[in-house]
Structures are given as structure tokens and as C-alpha cells.
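**Q** My structure is stored as run-v8.txt, with compact mmCIF, C-alpha atoms.
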# COMPACT_ATOMS: atom_id res chain seq x y z
CA MET V 1042 87.24 11.11 35.18
CA GLU V 1043 84.58 11.30 32.53
CA ASN V 1044 85.47 12.24 28.97
CA THR V 1045 84.81 15.83 27.96
CA LEU V 1046 83.67 16.86 24.50
CA ILE V 1047 85.70 19.61 22.86
CA THR V 1048 83.43 21.80 20.75
CA HIS V 1049 83.86 21.08 17.05
CA THR V 1050 84.28 23.57 14.26
CA PRO V 1051 80.73 24.70 13.51
CA GLY V 1052 79.25 24.61 10.06
CA ALA V 1053 81.54 21.90 8.69
CA GLN V 1054 79.81 20.27 5.76
CA ALA V 1055 80.65 16.87 4.33
CA ARG V 1056 81.01 16.73 0.59
CA LYS V 1057 80.55 13.72 -1.58
CA PRO V 1058 83.94 11.95 -1.84
CA ASN V 1059 83.97 11.78 -5.65
CA THR V 1060 83.29 15.53 -5.87
CA LEU V 1061 86.11 16.28 -3.47
CA LEU V 1062 88.52 14.13 -5.45
CA GLN V 1063 87.48 15.70 -8.74
CA ASP V 1064 88.00 19.20 -7.35
CA ALA V 1065 91.47 18.37 -6.00
CA GLY V 1066 92.45 16.51 -9.11
CA ALA V 1067 91.35 19.35 -11.35
CA ALA V 1068 93.30 21.83 -9.27
CA ALA V 1069 96.41 19.67 -9.54
CA SER V 1070 96.01 19.27 -13.28
CA SER V 1071 95.55 22.98 -13.85
CA GLN V 1072 98.91 23.75 -12.27
CA THR V 1073 101.10 21.70 -14.58
CA SER V 1074 101.61 24.65 -16.95
CA MET V 1075 101.94 27.24 -14.19
CA LYS V 1076 104.31 30.19 -14.67
CA THR V 1077 107.15 30.47 -12.18
CA SER V 1078 108.64 33.35 -10.23
CA ASN V 1079 110.93 35.73 -12.07
CA THR V 1080 113.77 34.94 -9.69
CA ALA V 1081 113.82 31.13 -9.85
CA LYS V 1082 114.34 28.57 -12.54
CA GLU V 1083 111.47 26.26 -13.46
CA ALA V 1084 113.37 23.23 -12.21
CA ASP V 1085 113.89 24.80 -8.80
CA LYS V 1086 110.20 25.48 -8.08
CA PRO V 1087 108.08 23.14 -5.98
CA SER V 1088 105.82 21.04 -8.18
CA ILE V 1089 102.79 18.83 -7.67
CA ALA V 1090 104.66 15.71 -8.74
CA GLY V 1091 103.98 12.90 -6.31
CA ALA V 1092 100.84 14.43 -4.84
CA GLN V 1093 98.45 11.55 -4.31
CA LEU V 1094 94.72 11.71 -3.71
CA HIS V 1095 92.80 9.56 -1.32
CA ALA V 1096 91.70 6.45 -3.18
CA ILE V 1097 88.48 4.90 -1.95
CA GLY V 1098 89.17 1.69 -0.06
CA SER V 1099 92.70 2.72 0.94
CA ILE V 1100 94.42 4.71 3.64
CA ALA V 1101 94.75 8.39 2.75
CA ASP V 1102 98.06 9.21 1.06
CA ILE V 1103 99.40 12.46 2.49
CA SER V 1104 103.06 11.60 2.00
CA ALA V 1105 103.61 14.76 -0.07
CA ASN V 1106 102.49 16.84 2.90
CA TRP V 1107 104.66 14.85 5.30
CA SER V 1108 107.64 15.39 3.01
CA ALA V 1109 107.17 19.15 3.32
CA LYS V 1110 107.41 19.05 7.12
CA VAL V 1111 110.64 19.94 8.89
CA VAL V 1112 112.22 17.16 10.95
CA VAL V 1113 114.15 18.25 14.05
CA ALA V 1114 116.26 15.94 16.23
CA SER V 1115 115.30 15.58 19.88
CA GLU V 1116 118.43 17.31 21.15
CA GLU V 1117 117.70 20.31 18.95
CA GLN V 1118 114.13 20.52 20.23
CA ASN V 1119 115.59 21.29 23.66
CA ASP V 1120 117.75 24.14 22.30
CA ARG V 1121 115.90 27.43 21.95
CA THR V 1122 118.55 28.92 19.70
CA LYS V 1123 118.47 25.98 17.30
CA MET V 1124 114.68 25.95 17.20
CA ALA V 1125 114.69 29.67 16.43
CA ALA V 1126 117.04 28.95 13.53
CA VAL V 1127 114.66 26.24 12.28
CA TYR V 1128 111.72 28.63 12.24
CA GLU V 1129 113.73 31.36 10.52
CA SER V 1130 114.81 28.84 7.89
CA MET V 1131 111.19 27.81 7.30
CA ALA V 1132 110.16 31.42 6.75
CA ALA V 1133 113.10 32.01 4.40
CA THR V 1134 112.25 28.89 2.39
CA PHE V 1135 108.72 30.18 1.76
CA VAL V 1136 109.97 33.60 0.67
CA ARG V 1137 112.64 32.12 -1.59
CA ASP V 1138 110.86 29.10 -3.12
CA GLY V 1139 107.16 29.73 -2.68
CA LEU V 1140 104.55 27.08 -2.00
CA ASN V 1141 104.99 23.33 -2.14
CA LEU V 1142 101.98 22.61 -4.33
CA ALA V 1143 102.12 18.84 -3.85
CA ALA V 1144 101.74 19.34 -0.09
CA ILE V 1145 98.68 21.53 -0.60
CA VAL V 1146 97.03 19.04 -2.99
CA ALA V 1147 97.65 16.25 -0.48
CA ILE V 1148 96.00 18.11 2.40
CA ARG V 1149 93.08 19.77 0.57
CA GLN V 1150 91.41 16.40 -0.01
CA PHE V 1151 90.43 16.48 3.67
CA TYR V 1152 88.38 19.66 3.31
CA GLY V 1153 84.88 20.20 2.05
CA GLY V 1154 83.63 23.35 0.32
CA VAL V 1155 87.08 24.34 -0.89
CA ASP V 1156 85.61 26.55 -3.63
CA ALA V 1157 83.53 28.58 -1.20
CA ASP V 1158 84.10 28.16 2.53
CA PRO V 1159 86.59 25.34 3.29
CA GLU V 1160 85.94 23.26 6.39
CA PRO V 1161 87.77 20.15 7.56
CA LEU V 1162 85.88 16.92 6.94
CA TYR V 1163 84.69 14.61 9.67
CA TYR V 1164 86.55 11.32 9.47
CA GLU V 1165 83.34 9.38 8.96
CA HIS V 1166 82.93 11.30 5.68
CA PHE V 1167 86.39 10.53 4.32
CA PRO V 1168 86.37 8.55 1.01
CA THR V 1169 87.52 5.63 3.13
CA PRO V 1170 85.76 6.41 6.42
CA LEU V 1171 87.34 6.05 9.82
CA GLN V 1172 85.39 5.02 12.88
CA GLN V 1173 85.12 7.53 15.71
CA GLY V 1174 88.21 7.05 17.84
CA ALA V 1175 90.36 5.79 14.96
CA VAL V 1176 92.35 9.05 15.11
CA ARG V 1177 93.91 9.78 18.49
CA LEU V 1178 96.47 12.27 19.71
CA VAL V 1179 97.82 13.96 22.82
CA VAL V 1180 98.03 17.75 22.75
CA PHE V 1181 98.51 20.90 24.77
CA LYS V 1182 95.76 23.51 24.42
CA PRO V 1183 95.48 27.10 25.61
CA LYS V 1184 92.67 27.41 28.12
CA PRO V 1185 89.87 29.54 26.65
CA ASN V 1186 87.32 31.38 28.73
CA THR V 1187 84.05 29.49 28.26
CA LEU V 1188 82.08 32.72 27.82
CA ASP V 1189 84.61 34.46 25.60
CA PRO V 1190 87.15 31.98 24.20
CA VAL V 1191 89.19 34.58 22.31
CA HIS V 1192 89.38 37.94 24.03
CA ARG V 1193 90.11 36.79 27.58
CA ASP V 1194 93.36 35.04 26.61
CA PRO V 1195 96.18 37.20 25.19
CA LEU V 1196 97.69 34.31 23.24
CA LEU V 1197 94.40 33.27 21.65
CA HIS V 1198 93.36 36.85 21.00
CA LEU V 1199 96.55 37.96 19.27
CA ALA V 1200 97.05 34.68 17.40
CA HIS V 1201 93.50 34.90 16.08
CA GLU V 1202 94.03 38.51 14.96
CA ALA V 1203 97.30 37.49 13.30
CA CYS V 1204 95.61 34.67 11.42
CA GLN V 1205 92.83 36.88 10.12
CA ASP V 1206 95.23 39.59 9.01
CA ILE V 1207 97.80 37.32 7.35
CA LEU V 1208 95.26 35.21 5.48
CA ALA V 1209 93.60 38.43 4.29
CA SER V 1210 96.96 39.55 2.89
CA ALA V 1211 97.09 36.51 0.59
CA PRO V 1212 95.81 36.96 -2.98
CA SER V 1213 92.10 36.55 -3.61
CA GLY V 1214 91.05 33.02 -4.46
CA MET V 1215 93.66 31.18 -2.39
CA GLN V 1216 90.87 29.30 -0.56
CA PRO V 1217 91.90 30.16 3.02
CA HIS V 1218 90.75 28.31 6.10
CA ALA V 1219 91.21 29.80 9.58
CA SER V 1220 91.14 27.49 12.58
CA LEU V 1221 88.89 28.52 15.43
CA PRO V 1222 90.93 29.87 18.38
CA GLU V 1223 89.42 27.32 20.76
CA ASN V 1224 90.83 24.60 18.48
CA TYR V 1225 94.42 25.85 18.59
CA HIS V 1226 96.69 23.15 19.93
CA LEU V 1227 100.28 22.00 20.13
CA THR V 1228 100.55 18.35 19.13
CA VAL V 1229 102.78 16.30 21.39
CA PHE V 1230 102.20 12.89 19.79
CA MET V 1231 99.72 11.02 17.59
CA THR V 1232 99.09 7.41 18.49
CA SER V 1233 96.96 7.09 15.35
CA GLN V 1234 96.62 9.62 12.54
CA PRO V 1235 94.39 9.62 9.44
CA GLY V 1236 97.24 9.00 7.02
CA ASP V 1237 98.72 6.26 9.20
CA PRO V 1238 95.94 4.81 11.37
CA ARG V 1239 96.80 2.40 14.17
CA ALA V 1240 94.08 0.47 15.97
CA ASP V 1241 96.58 -0.94 18.47
CA PRO V 1242 99.61 1.29 19.06
CA PHE V 1243 101.09 -1.26 21.46
CA THR V 1244 101.55 -3.78 18.62
CA PRO V 1245 104.30 -3.24 16.03
CA GLY V 1246 102.56 -2.23 12.83
CA GLY V 1247 99.57 -0.91 14.74
CA GLY V 1248 97.20 -3.78 13.96
CA ILE V 1249 96.07 -2.49 10.52
CA ASP V 1250 97.12 -3.80 7.11
CA PRO V 1251 98.19 -0.63 5.23
CA ILE V 1252 97.69 -2.31 1.84
CA HIS V 1253 94.24 -3.77 2.46
CA PRO V 1254 92.78 -1.90 5.45
CA PRO V 1255 89.34 -2.81 6.76
CA VAL V 1256 86.54 -0.41 5.83
CA PRO V 1257 85.69 1.58 7.81
CA ILE V 1258 89.13 1.90 9.37
CA PRO V 1259 88.59 0.71 12.94
CA ALA V 1260 88.92 2.42 16.27
CA PRO V 1261 90.75 0.56 19.05
CA THR V 1262 88.91 -1.82 21.28
CA SER V 1263 87.72 -0.34 24.56
CA ALA V 1264 90.48 -2.24 26.38
CA VAL V 1265 93.23 -0.90 24.11
CA LEU V 1266 91.82 2.63 24.30
CA GLN V 1267 91.71 2.60 28.09
CA ARG V 1268 95.24 1.23 28.27
CA GLU V 1269 96.41 3.95 25.88
CA ILE V 1270 94.87 6.68 28.02
CA ASP V 1271 96.27 5.17 31.23
CA VAL V 1272 99.79 5.01 29.82
CA CYS V 1273 99.60 8.60 28.61
CA ARG V 1274 98.33 9.63 32.04
CA GLN V 1275 101.33 8.04 33.75
CA ILE V 1276 103.80 9.68 31.36
CA ALA V 1277 102.15 13.10 31.69
CA LEU V 1278 102.96 13.09 35.39
CA THR V 1279 106.69 13.10 34.59
CA ALA V 1280 106.86 16.51 32.91
CA ALA V 1281 105.46 20.04 32.87
CA PRO V 1282 106.72 21.87 29.77
CA ALA V 1283 106.26 25.60 29.27
CA PHE V 1284 106.64 27.58 26.05
CA GLU V 1285 107.20 31.02 24.60
CA VAL V 1286 106.15 32.23 21.18
CA HIS V 1287 109.04 32.71 18.80
CA SER V 1288 107.34 33.73 15.56
CA VAL V 1289 104.47 33.43 13.14
CA VAL V 1290 105.57 31.46 10.09
CA PHE V 1291 103.87 30.91 6.75
CA ALA V 1292 105.30 27.53 5.79
CA ASN V 1293 105.76 26.40 2.19
CA SER V 1294 103.04 23.80 2.81
CA GLY V 1295 100.57 26.71 2.78
CA THR V 1296 100.09 26.42 6.55
CA LEU V 1297 100.19 29.40 8.91
CA LEU V 1298 102.00 28.40 12.09
CA LEU V 1299 102.44 29.93 15.52
CA CYS V 1300 105.92 28.64 16.36
CA LEU V 1301 107.10 28.24 19.95
CA VAL V 1302 110.21 27.29 21.90
CA ASP V 1303 110.33 25.06 24.97
CA THR V 1304 111.62 27.10 27.91
CA THR V 1305 111.95 24.03 30.15
CA GLY V 1306 113.63 21.55 27.80
CA GLN V 1307 111.07 18.89 28.69
CA LEU V 1308 108.95 18.39 25.57
CA ALA V 1309 111.46 16.28 23.62
CA GLY V 1310 111.79 13.88 26.53
CA LEU V 1311 108.02 13.70 26.91
CA ARG V 1312 107.65 12.85 23.23
CA GLN V 1313 110.36 10.21 23.47
CA LYS V 1314 108.72 8.51 26.45
CA ILE V 1315 105.40 8.32 24.60
CA ARG V 1316 107.12 7.02 21.46
CA GLU V 1317 108.76 4.23 23.47
CA ALA V 1318 105.46 3.32 25.13
CA PHE V 1319 103.71 2.92 21.77
CA PRO V 1320 105.95 0.96 19.36
CA GLY V 1321 103.02 0.53 16.97
CA ALA V 1322 101.97 4.20 16.86
CA SER V 1323 101.98 6.28 13.67
CA SER V 1324 105.47 6.55 12.26
CA LYS V 1325 105.33 10.24 11.29
CA GLN V 1326 105.30 12.67 14.19
CA SER V 1327 105.64 16.41 14.67
CA SER V 1328 109.12 17.49 15.78
CA ILE V 1329 108.64 21.25 15.99
CA MET V 1330 106.46 23.14 18.46
CA HIS V 1331 103.60 24.89 16.74
CA MET V 1332 99.93 25.66 16.63
CA THR V 1333 98.23 25.66 13.23
CA LEU V 1334 96.36 28.94 12.87
CA GLY V 1335 95.13 28.44 9.31
CA ARG V 1336 96.14 27.52 5.77
CA VAL V 1337 95.51 28.15 2.10
CA LEU V 1338 94.12 25.30 0.02
CA LYS V 1339 94.52 26.59 -3.52
CA PRO V 1340 97.49 24.86 -5.24
CA ARG V 1341 98.54 28.02 -7.06
CA GLN V 1342 102.05 29.41 -6.89
CA LEU V 1343 102.55 32.87 -5.41
CA THR V 1344 104.59 35.58 -7.05
CA ASP V 1345 107.63 37.13 -5.36
CA LYS V 1346 105.59 40.20 -4.46
CA GLU V 1347 102.71 38.16 -3.03
CA ARG V 1348 105.11 36.23 -0.83
CA GLU V 1349 106.77 39.43 0.35
CA VAL V 1350 103.42 40.89 1.40
CA ILE V 1351 102.54 37.77 3.41
CA GLN V 1352 105.97 37.69 5.02
CA GLN V 1353 105.73 41.34 6.02
CA ARG V 1354 102.52 40.61 7.91
CA CYS V 1355 104.10 37.54 9.52
CA SER V 1356 107.03 39.68 10.69
CA HIS V 1357 104.64 42.27 12.12
CA TRP V 1358 102.74 39.69 14.14
CA SER V 1359 105.91 37.87 15.16
CA SER V 1360 107.08 41.09 16.79
CA ARG V 1361 103.78 41.48 18.65
CA LEU V 1362 103.56 37.86 19.82
CA LYS V 1363 107.22 37.08 20.49
CA GLY V 1364 107.80 36.10 24.11
CA THR V 1365 104.14 35.42 24.90
CA VAL V 1366 104.07 32.63 27.46
CA PHE V 1367 102.08 29.43 27.05
CA LYS V 1368 102.11 27.24 30.16
CA PRO V 1369 99.76 24.26 29.75
CA GLU V 1370 97.85 23.07 32.78
CA VAL V 1371 97.14 19.56 31.49
CA LEU V 1372 97.92 17.25 28.60
CA TRP V 1373 94.84 16.23 26.60
CA HIS V 1374 94.22 12.80 25.08
CA VAL V 1375 91.79 13.38 22.19
CA GLN V 1376 89.76 10.97 20.08
CA GLU V 1377 89.53 13.35 17.16
CA HIS V 1378 86.54 13.04 14.83
CA GLN V 1379 87.15 16.04 12.57
CA PHE V 1380 90.37 16.66 10.67
CA THR V 1381 92.81 18.98 12.55
CA ALA V 1382 90.10 20.30 14.88
CA VAL V 1383 90.92 18.29 18.06
CA ALA V 1384 87.16 17.83 18.23
CA GLY V 1385 85.90 14.74 20.01
CA ALA V 1386 86.00 12.89 23.32
CA CYS V 1387 89.00 14.01 25.35
CA GLU V 1388 90.59 13.16 28.63
CA PRO V 1389 92.61 15.66 30.71
CA LEU V 1390 95.92 14.22 31.94
CA PRO V 1391 97.53 16.08 34.87
CA LEU V 1392 101.15 17.18 34.49
CA SER V 1393 103.98 17.00 36.99
CA GLN V 1394 103.56 19.34 39.94
CA PRO V 1395 106.48 21.51 41.14
Is it possible to give me this structure as C-alpha cells?
**A**
Amino acid sequence: MENTLITHTPGAQARKPNTLLQDAGAAASSQTSMKTSNTAKEADKPSIAGAQLHAIGSIADISANWSAKVVVASEEQNDRTKMAAVYESMAATFVRDGLNLAAIVAIRQFYGGVDADPEPLYYEHFPTPLQQGAVRLVVFKPKPNTLDPVHRDPLLHLAHEACQDILASAPSGMQPHASLPENYHLTVFMTSQPGDPRADPFTPGGGIDPIHPPVPIPAPTSAVLQREIDVCRQIALTAAPAFEVHSVVFANSGTLLLCLVDTTGQLAGLRQKIREAFPGASSKQSSIMHMTLGRVLKPRQLTDKEREVIQQRCSHWSSRLKGTVFKPEVLWHVQEHQFTAVAGACEPLPLSQP
């Protein structure tokens, strides 16, 4: 089957790398004397310590953002009750502790126009560019109507409304970015991600020297790419997960998430099979079930009241979306060329049939 091109986020503008770094660095510096919430001690608040910017000629350092992510064991991924508890804990952490500023600084380096209209950068415009196809992942995507990608799908429609409303409830100047509904996706696995690129996921280490990577960071050879797609195709035929929305969560990383539970108990096994097939794939992987709806990119701490307002809107939309069914028809292998947008050449991989 021929590759299909998923429409990219329109209007994304590449900024000069040194300007992007200066903006992010200045934002980080300006937060070192930030005032904290009235209900928490200074030492207990998330800080920007350890937030690293993308140095030219090196692989992007997003370890601070990875550190903010929740890690869930495979057996817990299959348990709806335990996953619900994970999501509730994430929401409570945001309300109690506020934003993890280091995580925001780490991720904002991948956006252009952060002071006006943030848009994710294309990988070829990263400070250390990546070739097209260097970033690859397998995802589930809601199926939009080609003529009306939002309003013909209840999940897309309500999730999009939720994103607009919740981001609007954040304080002015928080530099919000809303994902386009047609780019919503649930990541199953990343064979190669921008912060941990792997040109050959079949080889331990992934075939790239992390200390002295080639520039630009290479895509896989055509033979490796085809083998990767073929293996994913075979594994996709062994499962057919289905999901329900649990809640809308504003994570402390500044990311707005549509969180789901697996009603079939098959996703964890699917992820494990792919992990075993690619010993050289990226080491950090998602272990929750979510779609990223949007995020804020300003590394500025929120007050107790500001967090309460955001959480109230999240609770409202959680009530409206809870129980909405998402049953994917196919698994998509994507050669992503724009950060987080699942934009690029993609291959549909059929799932197991009942």
C-alpha cells in the first residue's frame, strides 16, 4: 500500500535556532527569582534546575520533560481502576504543586513563535536538524471526516472544545498552543524520537552515537525502514484495543491531556511486543494512554487560584467526555517531520479482526 501524507499543522514557521535558544534561555533565567504559592514552601516548588537547551551539533536534551512524565507498569496499564487512579494523581499533583518549569523549558525549544503564535518546528529546522524519517512512531488516531474533521466526530469535537476552553482559562501570556483535532493521536510506541533518535531500531543502541551524532541526524536506510514497517504490520494483526475517555488532565508539564483507559486490556501487550521487536528503539516510551490536546509554553508558575480555575474547567470537560468510546480501525506507522504533529508519510497497519 502506498504511503499517505497526514496533513501538517498549517502556518508553522521555522525560527532561527539561535533566536529560539535565546528566547528559551531568557525565559528560564527570568524565573530564578519567581515567587511561590502561598501554600507551599520554596523548596517544595518545581524549579527549572536541570532544564537543558538543545545545543547545536548534539541530540536535543529533553530529559527534564521526560522526568516529569508518569511511568506506569504494564500490568497496571491493563487495569482500568489503577489507570484512573494514575490520572487522578496527575491532576492532584498539578493543583497541589503547580507547573514543572524545567519540563516546560525543555519542550518549548521545539516551538517557533513562542512570543506570539507558537507552532511546533519541523525537524529539519531544529538546531541540529534531523532528516525526514529520522523520527518514527506508531499511533492510533481518531478518524476525521475529510470534509469536516472536527464536527462529525463526537470525540474530536468535544476534545477540541475542551482544549479551547481550558487554554482560555489560563492566565494571559502563558503562550498556549492548541493541537489541531486532526492531529490528535494516542502514541503506542516510538521507534525513534527527536530526543533519542535511532536510525536502526533493530540494533542495540540504535546505530547513532549519542555523544557525537552525525549532522543532520540520519533517517534509516530504505531497507531498515521497510523492515520496521513490516514488523509493525505483523504485530498490529495480533491486537485490536479499544478505549474510553476517563478525564481531561492538565499535567504539571504544562500539557493538556485527554486521558483514556483500555477497555480490552490489549495495549500493554501490544507495546511489549513492539518493544521486544526493536531492541535498539528509543529508551523512553509513553506508558499512559493519552492524546495531547495542547500545552502552555511560558515557564511561569501559576498561583493557587489560577490552578483552581484551570482544574475546574478540566473537571467540567471530564464529566462531558467521560465514557466516550475510541475504537481505532488501524494502527499508523508515521515518519513524523514536525514535532508532535504526526505529520508526514504514514502507513496504515490493519488490526486483528474479531
**Q** If we count all atoms listed in the file and set the cut-off at 10 Å, which residues sit around segment 1304-1307 of chain V, ignoring sequence neighbours fewer than 6 positions away in its own chain? Please answer as a ChimeraX atom specification.
**A** /V:1116-1121,1279-1285,1366-1368
**Q** Taking only C-alpha atoms into account, which of V:Ala1384, V:Met1330, V:His1357, V:Ser1288 comes nearest Glu1223 of chain V?
**A**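 Using only C-alpha atoms, Glu1223 of chain V sits closest to V:Ala1384.
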**Q** Find the distance between atom CA of Glu1129 of chain V and atom CA of Val1113 of chain V and write it in Å to one decimal.
**A**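 Pair atom CA of Glu1129 of chain V / atom CA of Val1113 of chain V returns 13.6 Å.
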**Q** Here is a test: counting only C-alpha atoms, which residue of V:Gly1335, V:Pro1222, V:Pro1217, V:Pro1235 is nearest to Gln1379 of chain V?
**A**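 Looking only at the distances to Gln1379 of chain V, the closest residue turns out to be V:Pro1235.
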**Q** Can you tell me how far atom CA of Thr1134 of chain V sits from atom CA of Gly1310 of chain V, in Å to one decimal?
**A**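 Computed distance, atom CA of Thr1134 of chain V to atom CA of Gly1310 of chain V, equals 28.4 Å.
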**Q** Measuring atom to atom with all atoms listed in the file, identify which of V:His1253, V:Arg1312, V:Arg1274, V:His1374 is nearest to Ile1100 of chain V.
**A**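 Of V:His1253, V:Arg1312, V:Arg1274, V:His1374, the one nearest Ile1100 of chain V is V:His1253, counting all atoms listed in the file.
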**Q** Fewer than 3 positions away in the same chain doesn't count, so skip those; otherwise give me all residues within 8 Å of segment 1125-1127 of chain V, counting all atoms listed in the file, as a compact mmCIF listing (two decimals) with C-alpha atoms, in the frame of the given file.
**A**
# COMPACT_ATOMS: atom_id res chain seq x y z
CA ARG V 1121 115.90 27.43 21.95
CA THR V 1122 118.55 28.92 19.70
CA SER V 1130 114.81 28.84 7.89
CA MET V 1131 111.19 27.81 7.30
CA HIS V 1287 109.04 32.71 18.80
CA VAL V 1302 110.21 27.29 21.90
**Q** For Ile1351 of chain V, which residue out of V:Gly1153, V:Pro1183, V:Pro1212, V:Pro1161 is the nearest one, using all atoms listed in the file?
**A**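 Among the listed residues, the smallest separation from Ile1351 of chain V belongs to V:Pro1212.
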**Q** Near Arg1177 of chain V, counting all atoms listed in the file, which residues have an atom at most 10 Å away, once you skip same-chain residues fewer than 5 positions from it, shown as a ChimeraX atom specification?
**A** /V:1230-1235,1238-1240,1260-1261,1266,1269,1322,1374-1378,1383,1385-1387
**Q** What's the 9 Å shell around Phe1380 of chain V, counting only C-alpha atoms, without same-chain residues fewer than 6 positions away, as a ChimeraX atom specification?
**A** /V:1151-1152,1161-1164,1235
**Q** How many Å lie between atom CA of Arg1316 of chain V and atom CA of Ile1276 of chain V, rounded to one decimal?
**A**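 Rounded to one decimal, the two atoms are 10.8 Å apart.
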**Q** What lies within 6 Å of Val1180 of chain V using all atoms listed in the file, ignoring chain neighbours under 5 positions off, as a ChimeraX atom specification?
**A** /V:1227-1229,1372-1373
**Q** Let me make sure I understand: among V:Ala1219, V:Ala1264, V:Val1112, V:Val1179, which one has the smallest atom-to-atom distance to Glu1202 of chain V if we use only C-alpha atoms?
**A**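 That would be V:Ala1219, the residue with the smallest distance to Glu1202 of chain V.
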**Q** Check the smallest atom-to-atom distance from each of V:Pro1340, V:Pro1369, V:Pro1395, V:Pro1389 to Arg1149 of chain V using only C-alpha atoms, then report the winner.
**A**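 Looking at the shortest contact to Arg1149 of chain V, the residue is V:Pro1340.
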**Q** Is there a way to get, as a PyMOL selection string, all residues within 7 Å of the point (98.0, 29.5, 1.9) in file coordinates, counting all atoms listed in the file?
**A** chain V and resi 1215+1217+1295-1296+1336-1338
